[in-house]
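Engineer: Below is a structure I'd like to ask you about.
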Amino acid sequence: MDKVPARYEPVPLAPVQAPGVSLRLASPQWRYSLRARSTSTIAALLGRPVPDPIGRCTDGIARLGPDEWYARLSTPLPPEHGGASASVVDISERAVSIVVEGPRARQVIAAGCPLDLEYFQPGRATRTVFEQTEIILMREADERFVVDIWRSFASYFWALSEQAARDGQA
Amino acid sequence: MSGYRIAGLGRIDRTRPVTFTFDGKRYAGFAGDTLASALLASGVMLFGRSFKYHRPRGLLAAGAEEPNALVTVDRGGGRFTPNLRATGVEIYDGLAATSQNRWPSLKTDVGAISDRLGMFLPAGFYNKTFMWPRSFWEKLYEPALRRMAGLGETPPEPDPDRYAATYAHCDLLIVGGGPAGIEAALEASATDKRVILLDEQEEMGGGALGDPSLWPWLEASLDRLAGTPNVALLHRTTAFGYYHDNFVGAVERLTDHLAEPGDCPREKLWRIRAGEVVLAQGAIERPLVFEGNDVPGVMLASAAGTFLFRYGVAVGRNVAVMAAHDSGWRDAFALAGAGIGVAAIVDCRDAVDPTLVLRAEALGITAYVGQSVIGVLGRQRVRGIEVCANRDHPGGRVSCDALLMAGGWTPSVQLWSQSKGTLTWSVELGAYVPGVSHERTQCVGGCSGDWHFGDGVSMEAMPTPRDPARIKAFVDFQNDVTAKDIALAVREGFRSIEHIKRYTTNGMATDQGKTSNINALMLAASALESTAPSVGLTTFRPPYTPQSFGALAGHAQDSLFQPTRRTAIDDWADARGAVFEPVGHWRRARYFPRPGEDMAAAVARECHAVRSAVGVFDASTLGKIEVVGKDAAEFLNRMYTNPWKALAPGRCRYGLLLREDGFITDDGVSARLAPDRFHLTTTTGGAARVLHMMEDYLQTEWPDLEVWLTSVTEQWSTIALQGPRARNVIAPLVGGIDLASTAFPHMAVREGTICGVPTRLFRVSFTGELGFEVNVPSAYGRAVWERILAEGQCFGITPYGTEAMHVLRAEKGYIVIGQDTDGTVTPDDAGLGWAVGAKKTDFVGKRSLARPDLSAPGRKQLVGLLTDDPLIVLEEGAQIVADPRQPVPMTMLGHVTSAYWSASLQRSIALALVAGGRDRMGHTLHVPMPDRTIAATVCATPFFDPTGSRLDG
């Protein structure tokens with residue numbers, strides 16, 4: 001058998017560098033949609049604490065809704081989940097992560113996202129929209145946002161945020 | 001001194017001269033001038049021709065309310081903007097502006113003949129006159145009228161500019177940067193509120209810009225605001241619309257004022273959500289209604305003040321004033337103080353504040369109290385006025401070169417009204433003022449009716465001894481609506497101002513009645529012998545002033561108009577010259593033409609490859625939903641028409657999904673991966689809809705079920721291999737899966753690897769051939785696709801597109817949701833009765849299927865249709881009749897849903913929905929087309945391999 005085939009990414013591998021802000025594709029990760037009726041079920045399943053407030057993100061796991069967590073991990077979860085009352089679905093390749101970073105990162109996100117980012121401080125994560133597409137928005141630091149976007153929409157997001165990054169200089 | 005520029009006055013920068021053209025002629029002005037002020041300074045009075053009568057028109061106003069001076073600015077290369085108000089166009093070197101609605105020139109306009117014919121062209125004349133013959137309206141009357149009566153031209157080329165957009169949030173949004181808005185911002189600057197102060201002009205200050213005594217205050221205030229980090233100032237930004245929950249749309253003009261716009265976006269759309277909104281939009285002075293009030297040189301008194309003190313331009317050397325309000329006197333005094341001759345102040349009131357009269361006397365100005373202007377001398381500019389006492393009518397003439405109207409003030413309540421704040425009629429002001437707010441909004445300054453301009457009266461028209469039916473006293477300058485048009489509308493029986501507006505066109509077009517609404521209302525109220533509030537007020541709608549489509553579209557332009565979804569294999573197909581078609585937001589490869597091939601040839605070749613060897617197809621766009629939980633089978637059993645509980649892990653089933661009304665909404669093959677885990681597929685277009693519908697049922701009807709849905713459409717690239725050689729192609733690539741027919745039968749699923757990456761391998765067929773669908777994580781879709789192609793070379797593997805896919809499935813009689821169904825087709829209608837679990841107690845749509853009309857005889861049923869001439873391919877959508885000789889309109893039995901050339905059968909095939917179709921087997925029906933009628937015979941499907949013998953290869 002040959003070696004594992006090459007990955008294909010829907011956006012350029014070269015970052016965009018505009019004054020005050022850069023866009024780049026994050027490295028591949030293991031992503032999971034975790035569903036259960038309680039935080040404790042997910043915590044027991046993973047063997048580690050997970051965030052309880054909706055919209056909070058800690059150590060790569062975000063609570064997106066009453067029964068929904070979104071994990072971005074550097075190692076895969078074991079395939080068997082011991083019959084827990086939960087749903088674990090591998091969505092590692094459903095989306096790509098685009099990192100928007102720099103003093104003007106917030107401005108680029110605000111170009112298409114209707115959230116009030118003043119109230120979206122580091123450690124927050126939510127499913128929201130960027131113009132006509134759905135995204136999961138995470139703020140990792142004051143000047144670093146991560147946007148997870150489904151692959152087929154990624155080029156739209158990339159082109160639009162690149163334009164916003166360059167236009168904002170005016 | 002050139003023209004009317006006054007030394008020492010104005011805020012223009014005399015060290016920065018600017019040259020520009022108007023109607024091709026060169027003019028000079030200064031930085032800080034508008035097109036209006038610069039042309040006025042050069043003595044230009046004539047700015048445009050009116051909409052209907054082509055009357056010469058000059059400036060009425062100095063701001064956004066200007067109805068007359070509409071110009072086109074053409075920057076070349078498609079940068080073409082019609083209907084700009086000259087009062088809002090900032091000049092720059094090289095600006096090329098032209099006047100509108102005139103031919104051959106502004107001074108000599110043959111269209112002005114309609115002014116002479118005015119008595120034959122009353123309001124609504126075209127509705128009454130151009131009725132017969134009816135067929136002439138679209139081809140002759142309407143185009144001719146539109147050419148005659150017009151605003152600017154439509155831009156002839158695509159707009160090359162880019163437009164930016166953003167969202168913004170603030171605690172306090174202040175609309176309007178005049179004194180009231182600035183005061184509000186200063187007050188908020190001491191708090192920690194996030195404040196946005198926006199103003200439509202290039203400079204903050206509003207009315208204060210025309211009052212030099214306020215300039216020191218203005219400068220100090222703006223300095224303070226500039227040093228306040230929580231206050232953002234937006235210049236050249238118009239708040240055009242006020243939407244729910246304090247959501248305000250605004251457009252910032254970024255480059256229209258620049259000689260070199262560069263590569264910047266032209267405008268920026270601001271979508272602002274504000275905690276609180278302060279509207280400080282000011283008030284607009286009202287014209288007065290009398291004969292000749294539209295002659296160039298007749299303008300608002302406040303505008304004359306603005307032109308003089310802000311721009312250093314006199315609107316005349318010897319002006320007269322027609323006042324119904326004290327503010328006109330004060331403007332006259334200010335002009336006189338600056339050295340402008342004031343020939344007369346005419347005031348229609350019988351008595352005015354004696355201090356005003358004394359002041360006029362002191363300045364040597366003749367006051368005509370209790371008198372009115374009844375006529376204006378001059379056609380293309382004012383030469384004098386006719387004045388007449390309101391009683392007894394003795395009169396005389398006064399020479400002057402401009403006439404200034406002071407008809408009182410109208411608060412700018414447009415945004416307030418859009419916010420659903422109520423309006424109250426103020427008898428004292430003769431205007432609507434803000435009442436009770438609906439949002440967290442307040443009005444301050446002029447737009448709240450709070451001003452200190454003195455007193456006045458509201459008069460619907462100036463008294464005149466002349467026959468009102470024979471004079472043109474304009475109410476709406478932009479739409480050429482006269483006082484007698486309003487009277488006519490009332491005589492015709494219109495009572496509501498909304499109807500009077502539509503009959504007369506008063507308050508329409510680009511200015512939306514900013515200067516005309518209240519005068520029209522007063523006239524209507526008077527004619528109806530009623531009061532203004534009982535006649536009403538027209539509704540204010542966005543935009544406050546005209547905005548470009550580009551700005552409103554924002555980012556949604558060209559390739560970003562909407563997202564184009566592409567699969568991981570799209571690039572590969574593009575590089576191979578694939579022809580694409582849109583399917584929802586996706587673009588999919590339709591066929592892969594080789595050099596010299598047309599679509600028919602390419603599709604025939606692709607179909608032949610699938611039937612004789614192997615074809616490969618990118619099916620990644622199919623919707624996929626992973627259904628997980630102990631109740632997963634129970635849930636699917638309730639959703640789909642057929643039974644799911646007994647499906648063994650590792651097996652697949654065709655699922656048919658109905659809406660509550662019993663009609664088919666989606667279908668797809670789904671697999672049970674484990675007792676508590678299913679991999680569903682949906683149609684490409686139905687993916688989002690099906691997930692939404694299932695979530696809806698889960699959350700609202702069956703929250704007790706322990707099952708969760710996750711869209712995995714984009715987790716997996718799906719590569720369909722179809723054809724007798726399909727197994728040979730993947731055999732060397734697959735790991736951990738026994739591909740033998742006995743171990744891996746049709747409609748089964750296996751998990752393993754392909755090319756070293758994990759796969760969910762389905763054995764399914766949408767072609768009738770041996771088939772596999774290889775699902776691999778999307779990042780590897782492209783590489784696996786290429787490896788499969790390389791492996792298949794020796795078998796003649798052929799990529800095929802959606803068109804061949806359609807032909808192949810139609811040969812097998814497989815339906816496509818949305819093509820062979822239209823939302824009114826039941827499972828039985830579609831010939832899919834076998835997919836309905838007769839023993840099931842319930843599923844979505846079951847109850848509706850029991851309704852008598854859903855099983856009544858004569859329903860349209862999906863059947864095959866073979867043309868008598870095998871070479872003719874029917875047209876999809878074509879209607880079907882039993883007897884083509886019946887009179888028109890014929891009784892239509894149904895329509896063709898799918899029709900293709902079948903290379904396998906060497907003839908055309910079609911599917912059709914036909915009333916009572918299954919009872920018409922073997923009958924000849926007819927498809928009438930524009931050029932011929934095509935005979936076709938009803939038949940059963942599949943057309944190809946009816947026994948399904950080829951599924952095992």
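Residue names in the structure tokens use chain letters A, B, ... in the order shown, residue numbers from 1 in each chain, and ligand numbers from 1 in the order shown.
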For chain A, work out the contacting residues on chain B at 8 Å, counting only C-alpha atoms, and write them as a PyMOL selection string.

Structural biologist: chain B and resi 164-169+264-265+555+560+562-568+626+628-630+706-708+710+712-716+733+755-757+777-784

Engineer: Can you list, as a list of chain:residue names, all residues belonging to segment 30-111 of chain A that DSSP tags as alpha helix (DSSP H)?

Structural biologist: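 Across segment 30-111 of chain A, those assigned alpha helix (DSSP H) are A:Thr39, A:Ser40, A:Thr41, A:Ile42, A:Ala43, A:Ala44, A:Leu45, A:Leu46, A:Ala105, A:Arg106, A:Gln107, A:Val108, A:Ile109, A:Ala110.
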
Engineer: Take the residues that were just selected and, keeping N, CA and C atoms, output them as an mmCIF file, in the first residue's frame.

Structural biologist:
data_model
loop_
_atom_site.group_PDB
_atom_site.id
_atom_site.type_symbol
_atom_site.label_atom_id
_atom_site.label_comp_id
_atom_site.auth_asym_id
_atom_site.auth_seq_id
_atom_site.Cartn_x
_atom_site.Cartn_y
_atom_site.Cartn_z
ATOM 1 N N THR A 39 -23.938 17.966 31.223
ATOM 2 C CA THR A 39 -22.499 18.216 31.190
ATOM 3 C C THR A 39 -21.746 17.031 31.775
ATOM 4 N N SER A 40 -22.322 16.448 32.831
ATOM 5 C CA SER A 40 -21.598 15.375 33.518
ATOM 6 C C SER A 40 -21.435 14.159 32.609
ATOM 7 N N THR A 41 -22.419 13.899 31.756
ATOM 8 C CA THR A 41 -22.296 12.770 30.830
ATOM 9 C C THR A 41 -21.089 12.946 29.920
ATOM 10 N N ILE A 42 -20.943 14.165 29.396
ATOM 11 C CA ILE A 42 -19.819 14.435 28.490
ATOM 12 C C ILE A 42 -18.508 14.386 29.258
ATOM 13 N N ALA A 43 -18.503 14.960 30.453
ATOM 14 C CA ALA A 43 -17.279 14.953 31.252
ATOM 15 C C ALA A 43 -16.866 13.515 31.564
ATOM 16 N N ALA A 44 -17.844 12.666 31.918
ATOM 17 C CA ALA A 44 -17.538 11.267 32.234
ATOM 18 C C ALA A 44 -17.031 10.555 30.982
ATOM 19 N N LEU A 45 -17.661 10.861 29.858
ATOM 20 C CA LEU A 45 -17.272 10.224 28.604
ATOM 21 C C LEU A 45 -15.821 10.548 28.242
ATOM 22 N N LEU A 46 -15.443 11.798 28.438
ATOM 23 C CA LEU A 46 -14.099 12.225 28.056
ATOM 24 C C LEU A 46 -13.094 12.029 29.180
ATOM 25 N N ALA A 105 -8.103 42.269 14.039
ATOM 26 C CA ALA A 105 -8.861 41.024 13.868
ATOM 27 C C ALA A 105 -10.343 41.252 14.141
ATOM 28 N N ARG A 106 -10.609 41.988 15.196
ATOM 29 C CA ARG A 106 -12.003 42.233 15.563
ATOM 30 C C ARG A 106 -12.752 42.962 14.449
ATOM 31 N N GLN A 107 -12.064 43.894 13.818
ATOM 32 C CA GLN A 107 -12.681 44.650 12.725
ATOM 33 C C GLN A 107 -13.046 43.722 11.557
ATOM 34 N N VAL A 108 -12.172 42.771 11.266
ATOM 35 C CA VAL A 108 -12.437 41.847 10.157
ATOM 36 C C VAL A 108 -13.623 40.939 10.493
ATOM 37 N N ILE A 109 -13.689 40.464 11.710
ATOM 38 C CA ILE A 109 -14.827 39.622 12.100
ATOM 39 C C ILE A 109 -16.117 40.436 12.036
ATOM 40 N N ALA A 110 -16.042 41.690 12.513
ATOM 41 C CA ALA A 110 -17.243 42.536 12.538
ATOM 42 C C ALA A 110 -17.734 42.885 11.135
#

Engineer: Please give the complete set of residues from segment 788-952 of chain B that DSSP, run on the backbone, assigns to strand (DSSP E), formatted as an MDAnalysis selection string.

Structural biologist: chainID B and resid 798:799 860:867 879:881 892:902 907:915 924:928 933:939

Engineer: Mind checking which residues fall within 6 Å of Ala274 of chain B, counting only C-alpha atoms, ignoring those fewer than 4 positions away in the same chain, and posting them as a ChimeraX atom specification?

Structural biologist: /B:169-173,246

Engineer: Using only C-alpha atoms, which protein or nucleic acid residues come within 8 Å of segment 532-541 of chain B? Drop anything in the same chain fewer than 4 positions from it, and give the result as a list of chain:residue names.

Structural biologist: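 Counting only the stated atoms, we get B:Gly241, B:Gln414, B:Leu415, B:Ser417, B:Gln418, B:Trp425, B:Arg495, B:Ser496, B:Ile497, B:Glu498, B:Lys501, B:Asn517, B:Leu521, B:Met522, B:Ala524, B:Ala525.
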
Engineer: Identify, on the basis of only C-alpha atoms, every residue whose closest approach to Leu23 of chain A does not exceed 6 Å; exclude the query and any residue fewer than 2 positions from it along the same chain; express the result as a PyMOL selection string.

Structural biologist: chain A and resi 15-16+99-100

Engineer: Provide the atom CA of Phe30 of chain B to atom CA of Asp256 of chain B distance in Å, to one decimal place.

Structural biologist: 16.5 Å

Engineer: So which residues touch Asp245 of chain B within 12 Å, counting only C-alpha atoms, skipping near sequence neighbours fewer than 6 positions away, as a list in words?

Structural biologist: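 That gives Ile272, Arg273, Ala274, Gly275, Glu276, Val277, Gln418, Ser419, Lys420, His438, Glu439, Arg440 and Thr441 of chain B.
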
Engineer: With N, CA, C and O atoms kept, could you save the residues just selected as a compact mmCIF listing (two decimals), in the first residue's frame?

Structural biologist:
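Result file part08.txt:
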# COMPACT_ATOMS: atom_id res chain seq x y z
N ILE B 272 -25.86 49.09 12.21
CA ILE B 272 -25.59 49.53 13.58
C ILE B 272 -26.71 49.08 14.52
O ILE B 272 -27.89 49.34 14.26
N ARG B 273 -26.33 48.41 15.58
CA ARG B 273 -27.29 48.07 16.63
C ARG B 273 -26.98 48.97 17.81
O ARG B 273 -25.86 48.95 18.33
N ALA B 274 -27.95 49.78 18.18
CA ALA B 274 -27.71 50.79 19.21
C ALA B 274 -28.58 50.52 20.43
O ALA B 274 -29.74 50.13 20.30
N GLY B 275 -28.02 50.74 21.60
CA GLY B 275 -28.82 50.64 22.82
C GLY B 275 -29.88 51.72 22.83
O GLY B 275 -31.03 51.48 23.19
N GLU B 276 -29.46 52.90 22.42
CA GLU B 276 -30.36 54.05 22.44
C GLU B 276 -30.01 54.90 21.22
O GLU B 276 -28.86 54.95 20.81
N VAL B 277 -31.03 55.52 20.66
CA VAL B 277 -30.79 56.37 19.49
C VAL B 277 -31.27 57.78 19.78
O VAL B 277 -32.40 57.97 20.26
N GLN B 418 -40.05 55.93 11.03
CA GLN B 418 -39.69 54.54 10.69
C GLN B 418 -39.51 53.70 11.95
O GLN B 418 -39.75 52.49 11.93
N SER B 419 -39.10 54.32 13.04
CA SER B 419 -38.91 53.57 14.29
C SER B 419 -40.24 53.28 14.96
O SER B 419 -40.25 52.71 16.05
N LYS B 420 -41.34 53.69 14.33
CA LYS B 420 -42.70 53.51 14.84
C LYS B 420 -43.02 54.46 15.98
O LYS B 420 -43.96 54.21 16.73
N HIS B 438 -41.41 54.40 20.30
CA HIS B 438 -41.66 52.96 20.32
C HIS B 438 -40.38 52.22 20.71
O HIS B 438 -40.38 51.31 21.51
N GLU B 439 -39.27 52.66 20.15
CA GLU B 439 -37.97 52.10 20.52
C GLU B 439 -37.37 53.00 21.60
O GLU B 439 -37.96 53.99 21.99
N ARG B 440 -36.15 52.65 22.01
CA ARG B 440 -35.43 53.58 22.91
C ARG B 440 -34.84 54.67 22.04
O ARG B 440 -33.70 54.58 21.58
N THR B 441 -35.65 55.66 21.76
CA THR B 441 -35.30 56.71 20.80
C THR B 441 -35.77 58.04 21.34
O THR B 441 -36.85 58.11 21.95

Engineer: So, with only C-alpha atoms as the atoms that count, which of A:Pro122, A:Leu77, A:Arg31, A:Ser97 lies closest to Leu13 of chain A?

Structural biologist: A:Ser97

Engineer: I want to know what sits within 6 Å of Ile374 of chain B, based on only C-alpha atoms, with residues of the same chain fewer than 4 positions away left out; could you give that as a VMD selection string?

Structural biologist: chain B and resid 290 to 291 386 to 387 464

Engineer: Give me, please, the distance in Å between atom CA of Pro542 of chain B and atom CA of Val73 of chain B, quoted to one decimal.

Structural biologist: 23.6 Å

Engineer: Out of B:Ala835, B:Leu739, B:Val313, B:Ala185, which residue has the shortest atom-to-atom distance to Ala7 of chain B when counting only C-alpha atoms?

Structural biologist: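 Of B:Ala835, B:Leu739, B:Val313, B:Ala185, the one nearest Ala7 of chain B is B:Val313, counting only C-alpha atoms.
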
Engineer: Quick one, how far is atom CA of Thr941 of chain B from atom CA of Val774 of chain B?

Structural biologist: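 These atoms are spaced 28.2 Å apart.
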
Engineer: Of the candidates B:Ala613, B:Ala899, B:Leu761, B:Ala220, which one gets nearest to Gln819 of chain B if we count only C-alpha atoms?

Structural biologist: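 Between B:Ala613, B:Ala899, B:Leu761, B:Ala220, the residue approaching Gln819 of chain B most closely is B:Ala899.
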
Engineer: Nearest to Arg349 of chain B among B:Arg5, B:Arg907, B:His325, B:Arg310, with distances taken over only C-alpha atoms: which residue is it?

Structural biologist: B:His325
